[in-house]
Amino acid sequence: MSSEILQDKDFHFYPVRKPKFEFSEDGTSIHWMDNSAYKTHILNTWTLFFPDGEKFFIRSIQKFLPSIKDPRVLRNAKAFIGQEAQHAGEHKKTWKILEDQGFKIKKFTDFVNSFFVNFVEKIMSPKACLAATAGAEHYTSLVATIGLQIKALDKAESEMKRLWEWHAAEEIEHKSAAFDVFLDVSGNYFRRMITFFGVTIVFWAATFIGAEILLWQEGLTFKWKTRKDAFRFIFIDEKVFFHAFSAFVRYFRPGFHPEQEDNLELSKAIFASPEHRYKEIA
């Protein structure tokens, strides 16, 4: 099955870009996303665990570069590594903004790093880590698609809007890279699904727990607006619960492939706009 998918699907290739974002505490409000503490802290939480998560993705792919048989898969795997390295670097720059705003983030970021390095990579095989990377990319592509489809980021402050649009567009671009490497070197359906259960629990638990930690530090946990914004984010505006459940079910199809997700035009539209012209470095 895996070889048929690789032969039949159309490959699209993408560059590694070098953005130049200029962040500052003075230029970033504490609730920079739609003037909503909840929505801001969901994105802030992703900012806190993406850098170490993306480094884990990179390590998971790098171990298999010498084993990849399909040159198209190899080319996209290398571009994926380049894009993820840029994502990790740019998001980590925003950690200082949170610290300057008074948030205590070190324990959370240290835990995330230790979780990947001292737990996941210690107990899981390299192929399981690769399968986990493919599953996580399914969710990052999902949240990127939701954000761009409903133009949620139009409500964000300018430089954060640019950061997240760029990141979202590249997540959609390389949505198949890790999955294709997994198919090329393994393709085991049972391994793919078992690891996806774990990814689902970790990704969404980290998202919502992290947001609550930041809200608690502001004293906003039990405010009516906070809980209303949370409900609207999960069930009404972004409809995260329904989209995530649908994505979860789709991933279980034996013949699933990320290219079946019709969202590439969203990415192309971002990089066609003047504010997203970046130097290509690979």
# chains A, B, ... in the order shown; residues from 1 in each chain; ligands from 1
>>> select_by_dssp(residues="range 72-221 of chain A", states="alpha helix (DSSP H)", output="number ranges by chain")
A: 72-93, 95-100, 106-114, 121-123, 126-149, 158-173, 177-185, 189-218
>>> closest_atom_pairs(of="range 187-257 of chain A", to="range 111-129 of chain A", cutoff="10 Å", atoms="only C-alpha atoms", output="tab-separated table")
residue	atom	partner	partner_atom	distance
A:Gly187	CA	A:Lys127	CA	9.6
A:Asn188	CA	A:Lys127	CA	9.4
A:Arg191	CA	A:Ala128	CA	6.6
A:Arg192	CA	A:Ala128	CA	7.6
A:Ile194	CA	A:Ala128	CA	8.9
A:Thr195	CA	A:Ala128	CA	6.6
A:Phe196	CA	A:Ala128	CA	9.8
A:Ala206	CA	A:Val112	CA	9.0
>>> closest_residue(among="A:Val143, A:Ala152, A:Leu264, A:Ala37", to="Glu173 in chain A", atoms="only C-alpha atoms")
A:Leu264
>>> closest_residue(among="A:Tyr38, A:Phe21, A:Trp216, A:Phe233", to="Lys92 in chain A", atoms="only C-alpha atoms")
A:Phe21
>>> closest_residue(among="A:Ser158, A:Ser24, A:Thr47, A:Gln149", to="Ala88 in chain A", atoms="only C-alpha atoms")
A:Thr47
>>> closest_residue(among="A:Thr226, A:His167, A:His41, A:Ala177", to="Phe103 in chain A", atoms="only C-alpha atoms")
A:His41
>>> closest_residue(among="A:Tyr278, A:Phe179, A:Phe11, A:Phe108", to="Ile213 in chain A", atoms="only C-alpha atoms")
A:Phe108
>>> atom_distance(atom1="CA of Leu214 in chain A", atom2="CA of Gly53 in chain A")
19.2 Å
>>> decode(residues="range 48-71 of chain A", atoms="N, CA, C and O atoms", output="PDB file, in the first residue's frame")
ATOM      1  N   LEU A  48       5.420  28.002  23.017  1.00  0.00           N
ATOM      2  CA  LEU A  48       6.306  27.463  24.048  1.00  0.00           C
ATOM      3  C   LEU A  48       6.700  26.011  23.788  1.00  0.00           C
ATOM      4  O   LEU A  48       7.821  25.605  24.110  1.00  0.00           O
ATOM      5  N   PHE A  49       5.791  25.199  23.203  1.00  0.00           N
ATOM      6  CA  PHE A  49       6.205  23.809  22.996  1.00  0.00           C
ATOM      7  C   PHE A  49       6.581  23.476  21.557  1.00  0.00           C
ATOM      8  O   PHE A  49       7.151  22.412  21.292  1.00  0.00           O
ATOM      9  N   PHE A  50       6.334  24.375  20.621  1.00  0.00           N
ATOM     10  CA  PHE A  50       6.745  24.102  19.241  1.00  0.00           C
ATOM     11  C   PHE A  50       8.264  23.979  19.073  1.00  0.00           C
ATOM     12  O   PHE A  50       8.730  23.063  18.388  1.00  0.00           O
ATOM     13  N   PRO A  51       9.073  24.891  19.613  1.00  0.00           N
ATOM     14  CA  PRO A  51      10.517  24.786  19.329  1.00  0.00           C
ATOM     15  C   PRO A  51      11.117  23.431  19.685  1.00  0.00           C
ATOM     16  O   PRO A  51      11.814  22.817  18.859  1.00  0.00           O
ATOM     17  N   ASP A  52      10.850  22.920  20.893  1.00  0.00           N
ATOM     18  CA  ASP A  52      11.400  21.612  21.246  1.00  0.00           C
ATOM     19  C   ASP A  52      10.674  20.486  20.524  1.00  0.00           C
ATOM     20  O   ASP A  52      11.288  19.456  20.204  1.00  0.00           O
ATOM     21  N   GLY A  53       9.391  20.670  20.255  1.00  0.00           N
ATOM     22  CA  GLY A  53       8.674  19.677  19.464  1.00  0.00           C
ATOM     23  C   GLY A  53       9.227  19.578  18.059  1.00  0.00           C
ATOM     24  O   GLY A  53       9.411  18.482  17.517  1.00  0.00           O
ATOM     25  N   GLU A  54       9.533  20.725  17.464  1.00  0.00           N
ATOM     26  CA  GLU A  54      10.063  20.724  16.102  1.00  0.00           C
ATOM     27  C   GLU A  54      11.476  20.160  16.042  1.00  0.00           C
ATOM     28  O   GLU A  54      11.858  19.508  15.064  1.00  0.00           O
ATOM     29  N   LYS A  55      12.259  20.390  17.093  1.00  0.00           N
ATOM     30  CA  LYS A  55      13.586  19.772  17.145  1.00  0.00           C
ATOM     31  C   LYS A  55      13.464  18.248  17.220  1.00  0.00           C
ATOM     32  O   LYS A  55      14.277  17.514  16.635  1.00  0.00           O
ATOM     33  N   PHE A  56      12.452  17.771  17.950  1.00  0.00           N
ATOM     34  CA  PHE A  56      12.178  16.328  17.994  1.00  0.00           C
ATOM     35  C   PHE A  56      11.805  15.810  16.610  1.00  0.00           C
ATOM     36  O   PHE A  56      12.284  14.757  16.172  1.00  0.00           O
ATOM     37  N   PHE A  57      10.955  16.564  15.886  1.00  0.00           N
ATOM     38  CA  PHE A  57      10.590  16.163  14.526  1.00  0.00           C
ATOM     39  C   PHE A  57      11.831  16.056  13.643  1.00  0.00           C
ATOM     40  O   PHE A  57      11.982  15.104  12.865  1.00  0.00           O
ATOM     41  N   ILE A  58      12.687  17.052  13.751  1.00  0.00           N
ATOM     42  CA  ILE A  58      13.909  17.078  12.938  1.00  0.00           C
ATOM     43  C   ILE A  58      14.772  15.859  13.232  1.00  0.00           C
ATOM     44  O   ILE A  58      15.236  15.167  12.312  1.00  0.00           O
ATOM     45  N   ARG A  59      14.995  15.567  14.505  1.00  0.00           N
ATOM     46  CA  ARG A  59      15.810  14.405  14.867  1.00  0.00           C
ATOM     47  C   ARG A  59      15.180  13.109  14.365  1.00  0.00           C
ATOM     48  O   ARG A  59      15.879  12.190  13.915  1.00  0.00           O
ATOM     49  N   SER A  60      13.846  13.039  14.445  1.00  0.00           N
ATOM     50  CA  SER A  60      13.151  11.830  14.011  1.00  0.00           C
ATOM     51  C   SER A  60      13.336  11.583  12.521  1.00  0.00           C
ATOM     52  O   SER A  60      13.498  10.435  12.085  1.00  0.00           O
ATOM     53  N   ILE A  61      13.324  12.648  11.725  1.00  0.00           N
ATOM     54  CA  ILE A  61      13.505  12.532  10.274  1.00  0.00           C
ATOM     55  C   ILE A  61      14.972  12.281   9.929  1.00  0.00           C
ATOM     56  O   ILE A  61      15.297  11.436   9.076  1.00  0.00           O
ATOM     57  N   GLN A  62      15.873  13.003  10.588  1.00  0.00           N
ATOM     58  CA  GLN A  62      17.301  12.908  10.249  1.00  0.00           C
ATOM     59  C   GLN A  62      17.830  11.485  10.366  1.00  0.00           C
ATOM     60  O   GLN A  62      18.686  11.073   9.583  1.00  0.00           O
ATOM     61  N   LYS A  63      17.332  10.728  11.311  1.00  0.00           N
ATOM     62  CA  LYS A  63      17.809   9.359  11.504  1.00  0.00           C
ATOM     63  C   LYS A  63      17.556   8.478  10.291  1.00  0.00           C
ATOM     64  O   LYS A  63      18.244   7.476  10.089  1.00  0.00           O
ATOM     65  N   PHE A  64      16.564   8.863   9.467  1.00  0.00           N
ATOM     66  CA  PHE A  64      16.189   8.012   8.349  1.00  0.00           C
ATOM     67  C   PHE A  64      16.608   8.560   6.981  1.00  0.00           C
ATOM     68  O   PHE A  64      16.344   7.930   5.961  1.00  0.00           O
ATOM     69  N   LEU A  65      17.264   9.714   6.961  1.00  0.00           N
ATOM     70  CA  LEU A  65      17.667  10.271   5.668  1.00  0.00           C
ATOM     71  C   LEU A  65      18.484   9.283   4.829  1.00  0.00           C
ATOM     72  O   LEU A  65      18.239   9.156   3.622  1.00  0.00           O
ATOM     73  N   PRO A  66      19.455   8.544   5.412  1.00  0.00           N
ATOM     74  CA  PRO A  66      20.230   7.604   4.590  1.00  0.00           C
ATOM     75  C   PRO A  66      19.414   6.411   4.084  1.00  0.00           C
ATOM     76  O   PRO A  66      19.849   5.726   3.149  1.00  0.00           O
ATOM     77  N   SER A  67      18.240   6.180   4.697  1.00  0.00           N
ATOM     78  CA  SER A  67      17.434   5.003   4.340  1.00  0.00           C
ATOM     79  C   SER A  67      16.348   5.308   3.318  1.00  0.00           C
ATOM     80  O   SER A  67      15.707   4.377   2.814  1.00  0.00           O
ATOM     81  N   ILE A  68      16.101   6.584   3.026  1.00  0.00           N
ATOM     82  CA  ILE A  68      15.000   6.952   2.127  1.00  0.00           C
ATOM     83  C   ILE A  68      15.342   6.543   0.699  1.00  0.00           C
ATOM     84  O   ILE A  68      16.392   6.900   0.173  1.00  0.00           O
ATOM     85  N   LYS A  69      14.429   5.817   0.080  1.00  0.00           N
ATOM     86  CA  LYS A  69      14.679   5.284  -1.266  1.00  0.00           C
ATOM     87  C   LYS A  69      14.172   6.221  -2.362  1.00  0.00           C
ATOM     88  O   LYS A  69      14.778   6.308  -3.424  1.00  0.00           O
ATOM     89  N   ASP A  70      13.080   6.903  -2.131  1.00  0.00           N
ATOM     90  CA  ASP A  70      12.474   7.766  -3.148  1.00  0.00           C
ATOM     91  C   ASP A  70      13.145   9.144  -3.099  1.00  0.00           C
ATOM     92  O   ASP A  70      13.088   9.825  -2.072  1.00  0.00           O
ATOM     93  N   PRO A  71      13.774   9.597  -4.188  1.00  0.00           N
ATOM     94  CA  PRO A  71      14.472  10.890  -4.168  1.00  0.00           C
ATOM     95  C   PRO A  71      13.538  12.077  -3.929  1.00  0.00           C
ATOM     96  O   PRO A  71      13.962  13.099  -3.383  1.00  0.00           O
TER      97      PRO A  71
END
